[in-house]
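Here's the structure we're looking at; comments come further down.
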Amino acid sequence: MSQAVTPAFEAAAVASVNDPTYGVMIGWGKEYDDTATFFTIGTSEIGGPDFIKGSGADVTFFDKYKMIPENENLNSFSISRMSSLIPYGVFSAQAEIEFDNISKRYMPGYDPDIGDFVNKNRRPLKISAGFSGENIPQFVGFSDRPKAGLMSQKMQVHAYDVMDYFSNKETTLTYFEDVLASEVIEAILLDLGFSADQFSIEVSLQRRIGFLVTTGMKVSQIFQRLCEAEQAVMFADETGIIRFWNRLHIPLTETVSVTRSYSYDQLQDIEWRDTPIINYMIVRALPRAVAAYQPVWVSSGSIEIQAGEVLRVPVQFKDDDGDLPVTSIMDPVYISARDDANRSWYTVSLDQSGEHLEGEGDITVTDVDLLGSTAFIEFTNSGASIRYIAQMEIHGTPAKVYDRIEVEVKDQVSIDAYGINPESNSGEPIVIENNWIQDSSTARSLAQAQIDLYGDPDQQLVGKPFADPSLQYGDVVELTVDDVDLTPRYAVVVGTELKMSLSKVIEQTAVFEYRDIGISYFTIGVSEIGGPDPIAP
């Protein structure tokens with residue numbers, strides 16, 4: 001992946017002596033500025049205020065804020081972008097920044113320009129780093145409430161990237177039917193006001209999801225569950241572009257290129273990371289799909305409606321699997337006696353026994369509301385006497401469980417050597433339950449992928465390469481650990497930390513994970529039947 005940089009930047013990154021530079025900008029007032037400019041080779045001044053955009057022409061909503069440079073008072077910053085110890089999910093970057101406050105610039109109300117805002121949270125900010133004034137983006141996000149000390153004469157700021165934005169957001173889209181996970185993510189981002197040039201979403205590889213409900217869930221929870229079902233990763237890159245990578249993004253030959261090689265002469269230090277052993281997993285799912293119109297609820301007794309009363313009758317849909325989501329219902333109509341027609345209906349009685357049926361009379365349905373697995377049927381009695389709904393049957397389109405998936409995957413060799421999941425789950429199988437998984441093959445692939453990676457220890461290494469701010473999550477490198485194996489192995493960068501201090505020392509830590517790279521999966525019309533190309537997991 002790696003950010004686009006100039007040849008001069010590349011040369012400085014590997015030079016024994018270079019000139020690290022940085023930039024920190026904060027949108028104190030959260031004002032928009034349409035004049036924001038970015039570094040253009042041959043036009044912008046080296047060392048000037050313009051940023052190089054790491055992804056070319058992509059523009060994010062952060063680029064529209066009026067940003068004020070704060071380099072003059074910067075003491076240090078650190079940026080951490082680490083995925084979790086599973087090969088899928090949602091993760092976000094965090095930043096720590098320290099400013100010198102001897103001038104009292106960051107005390108509330110002190111500075112005439114920013115004094116009203118310095119003690120407020122959710123301030124947009126950007127951090128860049130590079131060499132000789134050629135800075136590239138490293139972080140965009142929102143700040144927590146700053147901590148300024150009068151005696152210490154310093155101010156600390158903690159910031160989260162754009163993925164944290166979703167932790168308290170909900171979508172107005174309540175459910176989806178027959179969709180790809182990637183289509184759900186794109187629809188939610190658009191619903192939240194993001195434009196198409198602010199995200200890059202790869203097409204899902206799992207079959208279309210028959211039905212999923214998002215009501216009552218935070219957007220971050222929705223994204224996490226979709227990533228789990230897809231074995232995908234979702235994150236915001238250094239420029240603020242939101243990215244969704246499907247499970248074959250890294251292994252595929254077509255999408256992978258080795259960005260750099262590391263051996264001892266390019267590393268200041270390297271050590272194995274203590275990762276949990278995963279060797280026994282169970283994946284369960286109860287996927288749903290919307291069925292044809294059918295009876296979804298039948299009354300169990302009469303319903304009394306007083307003279308002149310407007311009564312909302314709650315209807316709770318359930319089946320053997322619990323609450324039953326229903327996507328649409330037919331409004332009930334009056335009938336004089338129960339029939340077998342494929343429609344919603346009700347009968348009216350003069351008394352509670354329901355034996356003395358009468359004509360529709362003064363009872364009418366005046367409103368019907370459907371909310372997931374609950375409906376409200378509003379009846380109005382415009383007459384002068386009590387009446388009873390003797391019987392009622394509601395027909396609708398239920399989202400029923402169509403499969404019961406339970407897949408068990410274990411690595412017996414690993415179990416014999418280390419025991420069952422010794423550090424990660426106290427000797428018990430790890431169970432994943434996700435009803436957005438649609439078939440057994442996807443469930444098996446989810447478990448197998450983790451066991452293949454973590455059935456043995458020492459899959460991850462933490463190294464301190466010569467600092468290169470263009471190094472990104474997902475970059476594929478060749479790693480040679482001279483004292484162990486002289487043969488280079490493919491590894492993927494699954495975490496980075498970049499630090500810079502007042503003395504202009506730049507330091508980087510990277511987490512490398514060994515992966516099988518460059519796999520050419522079977523493609524219909526291209527691969528040879530019986531040839532070497534494996535079927536995609």
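To be explicit about the labels: the chains of the structure tokens are called A, B, and onward in the order shown, and within each one the residues are counted from 1, while ligands get numbers from 1 in the order they are shown.
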
Exercise for the section: Write out as a list in words which residues come within 9 Å of Thr366 in chain A when counting only C-alpha atoms, dropping same-chain ones fewer than 3 positions away. Expected result: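 Final neighbour list, sorted by chain and number: Val310, Ile377, Glu378, Phe379 and Thr380 of chain A.
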
Would you export the selected residues with N, CA and C atoms as a PDB file, in the first residue's frame, please?
ATOM      1  N   VAL A 310     -59.928   4.869  21.388  1.00  0.00           N
ATOM      2  CA  VAL A 310     -58.905   4.547  20.388  1.00  0.00           C
ATOM      3  C   VAL A 310     -57.867   3.685  21.098  1.00  0.00           C
ATOM      4  N   ILE A 377     -51.477  -2.295  16.240  1.00  0.00           N
ATOM      5  CA  ILE A 377     -52.699  -2.168  15.448  1.00  0.00           C
ATOM      6  C   ILE A 377     -53.653  -1.256  16.206  1.00  0.00           C
ATOM      7  N   GLU A 378     -54.013  -0.133  15.619  1.00  0.00           N
ATOM      8  CA  GLU A 378     -54.883   0.838  16.286  1.00  0.00           C
ATOM      9  C   GLU A 378     -56.334   0.646  15.831  1.00  0.00           C
ATOM     10  N   PHE A 379     -57.194   0.379  16.803  1.00  0.00           N
ATOM     11  CA  PHE A 379     -58.621   0.241  16.545  1.00  0.00           C
ATOM     12  C   PHE A 379     -59.360   1.442  17.138  1.00  0.00           C
ATOM     13  N   THR A 380     -60.384   1.902  16.449  1.00  0.00           N
ATOM     14  CA  THR A 380     -61.228   2.989  16.949  1.00  0.00           C
ATOM     15  C   THR A 380     -62.668   2.507  17.031  1.00  0.00           C
TER      16      THR A 380
END

Exercise for the section: Could you give me, as a PyMOL selection string, the residues within 6 Å of range 413-421 of chain A, counting only C-alpha atoms and dropping anything in the same chain fewer than 4 positions from it? Expected result: chain A and resi 277-279+425+427+455

Exercise for the section: Pick out each residue of range 335-476 of chain A that DSSP on the backbone tags as strand (DSSP E or B); I need them as an MDAnalysis selection string. Expected result: chainID A and resid 345:349 357 363:371 374:381 387:401 405:410 430:433 460:465 476

Write the residues you've just listed into a file as a tab-separated table (two decimals), in the first residue's frame, and include C-alpha atoms for each of them.
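This went into again.tsv:
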chain	number	residue	atom	x	y	z
A	345	TRP	CA	-58.31	-10.16	9.35
A	346	TYR	CA	-60.36	-9.65	12.52
A	347	THR	CA	-63.89	-10.36	13.76
A	348	VAL	CA	-66.05	-8.24	16.09
A	349	SER	CA	-68.21	-9.55	18.94
A	357	LEU	CA	-70.44	-11.90	16.19
A	363	ILE	CA	-65.00	-0.72	14.87
A	364	THR	CA	-62.35	0.35	12.34
A	365	VAL	CA	-58.58	0.01	11.95
A	366	THR	CA	-57.21	3.55	11.97
A	367	ASP	CA	-53.43	2.95	12.06
A	368	VAL	CA	-50.83	0.17	11.72
A	369	ASP	CA	-47.18	0.57	12.78
A	370	LEU	CA	-44.50	-2.09	12.33
A	371	LEU	CA	-41.31	-1.93	14.40
A	374	THR	CA	-43.49	-5.78	17.14
A	375	ALA	CA	-46.52	-4.20	15.48
A	376	PHE	CA	-49.17	-1.84	16.84
A	377	ILE	CA	-52.70	-2.17	15.45
A	378	GLU	CA	-54.88	0.84	16.29
A	379	PHE	CA	-58.62	0.24	16.54
A	380	THR	CA	-61.23	2.99	16.95
A	381	ASN	CA	-64.68	2.37	18.41
A	387	ARG	CA	-67.23	-4.04	21.49
A	388	TYR	CA	-64.67	-6.85	21.37
A	389	ILE	CA	-62.16	-7.98	18.79
A	390	ALA	CA	-63.07	-11.65	18.99
A	391	GLN	CA	-60.33	-13.03	16.78
A	392	MET	CA	-57.44	-11.57	14.81
A	393	GLU	CA	-54.80	-13.01	12.52
A	394	ILE	CA	-51.90	-11.03	11.07
A	395	HIS	CA	-50.11	-12.02	7.87
A	396	GLY	CA	-46.67	-10.70	7.02
A	397	THR	CA	-43.24	-11.43	5.58
A	398	PRO	CA	-41.13	-12.88	8.42
A	399	ALA	CA	-37.34	-13.10	8.41
A	400	LYS	CA	-37.02	-16.72	9.46
A	401	VAL	CA	-33.97	-18.76	10.38
A	405	ILE	CA	-24.69	-23.53	11.42
A	406	GLU	CA	-22.22	-25.01	13.86
A	407	VAL	CA	-18.67	-25.61	12.69
A	408	GLU	CA	-15.85	-26.97	14.84
A	409	VAL	CA	-12.23	-26.55	13.76
A	410	LYS	CA	-9.19	-27.70	15.72
A	430	ILE	CA	-13.26	-20.16	21.48
A	431	VAL	CA	-16.88	-19.73	20.39
A	432	ILE	CA	-17.98	-17.15	17.84
A	433	GLU	CA	-21.72	-16.58	17.45
A	460	GLN	CA	4.38	-11.86	15.12
A	461	LEU	CA	7.55	-9.87	15.60
A	462	VAL	CA	8.03	-6.34	16.92
A	463	GLY	CA	10.79	-4.44	15.19
A	464	LYS	CA	12.29	-0.97	15.23
A	465	PRO	CA	13.15	-0.20	11.61
A	476	VAL	CA	3.91	-6.48	2.71

Practice task
Figure out the distance between CA of Leu498 in chain A and CA of Ile102 in chain A, please, to one decimal in Å.
Solution key: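 Separation between CA of Ile102 in chain A and CA of Leu498 in chain A: 25.9 Å.
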
Exercise for the section: Determine the nearest neighbour of Pro295 in chain A from the options A:Glu228, A:Asp19, A:Asp191, A:Asp340, counting only C-alpha atoms. Expected result: A:Asp340

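Minimum atom-to-atom distance to Tyr165 in chain A, evaluated using only C-alpha atoms, belongs to A:Gly240 out of A:Gly240, A:Gly210, A:Gly149, A:Gly216.
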
Handout entry: Polymer residues at most 10 Å from Ser83 in chain A, only C-alpha atoms, same-chain spacing of 5 or more positions, as an MDAnalysis selection string
Key = chainID A and resid 88:93 233:235 473 493:496 511

Written selection (N, CA and C atoms) as a compact mmCIF listing (two decimals), in the first residue's frame:
# COMPACT_ATOMS: atom_id res chain seq x y z
N TYR A 88 -9.12 -9.98 11.63
CA TYR A 88 -10.27 -9.25 11.10
C TYR A 88 -10.74 -8.25 12.15
N GLY A 89 -11.64 -7.35 11.77
CA GLY A 89 -12.25 -6.45 12.74
C GLY A 89 -12.04 -4.99 12.40
N VAL A 90 -12.54 -4.14 13.29
CA VAL A 90 -12.43 -2.69 13.16
C VAL A 90 -11.38 -2.19 14.14
N PHE A 91 -10.49 -1.34 13.70
CA PHE A 91 -9.53 -0.77 14.64
C PHE A 91 -9.31 0.70 14.29
N SER A 92 -8.81 1.45 15.27
CA SER A 92 -8.60 2.88 15.07
C SER A 92 -7.23 3.27 15.60
N ALA A 93 -6.74 4.38 15.10
CA ALA A 93 -5.46 4.92 15.54
C ALA A 93 -5.68 5.92 16.67
N VAL A 233 -11.22 -6.42 7.41
CA VAL A 233 -10.74 -5.37 8.30
C VAL A 233 -11.28 -4.04 7.82
N MET A 234 -11.50 -3.15 8.78
CA MET A 234 -12.01 -1.82 8.47
C MET A 234 -11.27 -0.81 9.33
N PHE A 235 -10.78 0.24 8.71
CA PHE A 235 -9.97 1.23 9.42
C PHE A 235 -9.94 2.51 8.62
N TYR A 473 -0.07 0.30 7.64
CA TYR A 473 -0.75 -0.95 7.94
C TYR A 473 -1.07 -1.66 6.62
N VAL A 493 2.60 -5.81 7.76
CA VAL A 493 2.62 -4.84 8.84
C VAL A 493 1.21 -4.74 9.43
N VAL A 494 1.05 -5.16 10.68
CA VAL A 494 -0.26 -5.13 11.33
C VAL A 494 -0.32 -4.09 12.45
N GLY A 495 0.74 -3.30 12.58
CA GLY A 495 0.72 -2.23 13.57
C GLY A 495 1.94 -1.35 13.41
N THR A 496 1.77 -0.07 13.68
CA THR A 496 2.91 0.86 13.66
C THR A 496 2.75 1.86 14.80
N VAL A 511 4.87 -3.79 13.97
CA VAL A 511 4.53 -5.17 14.29
C VAL A 511 4.36 -5.91 12.96
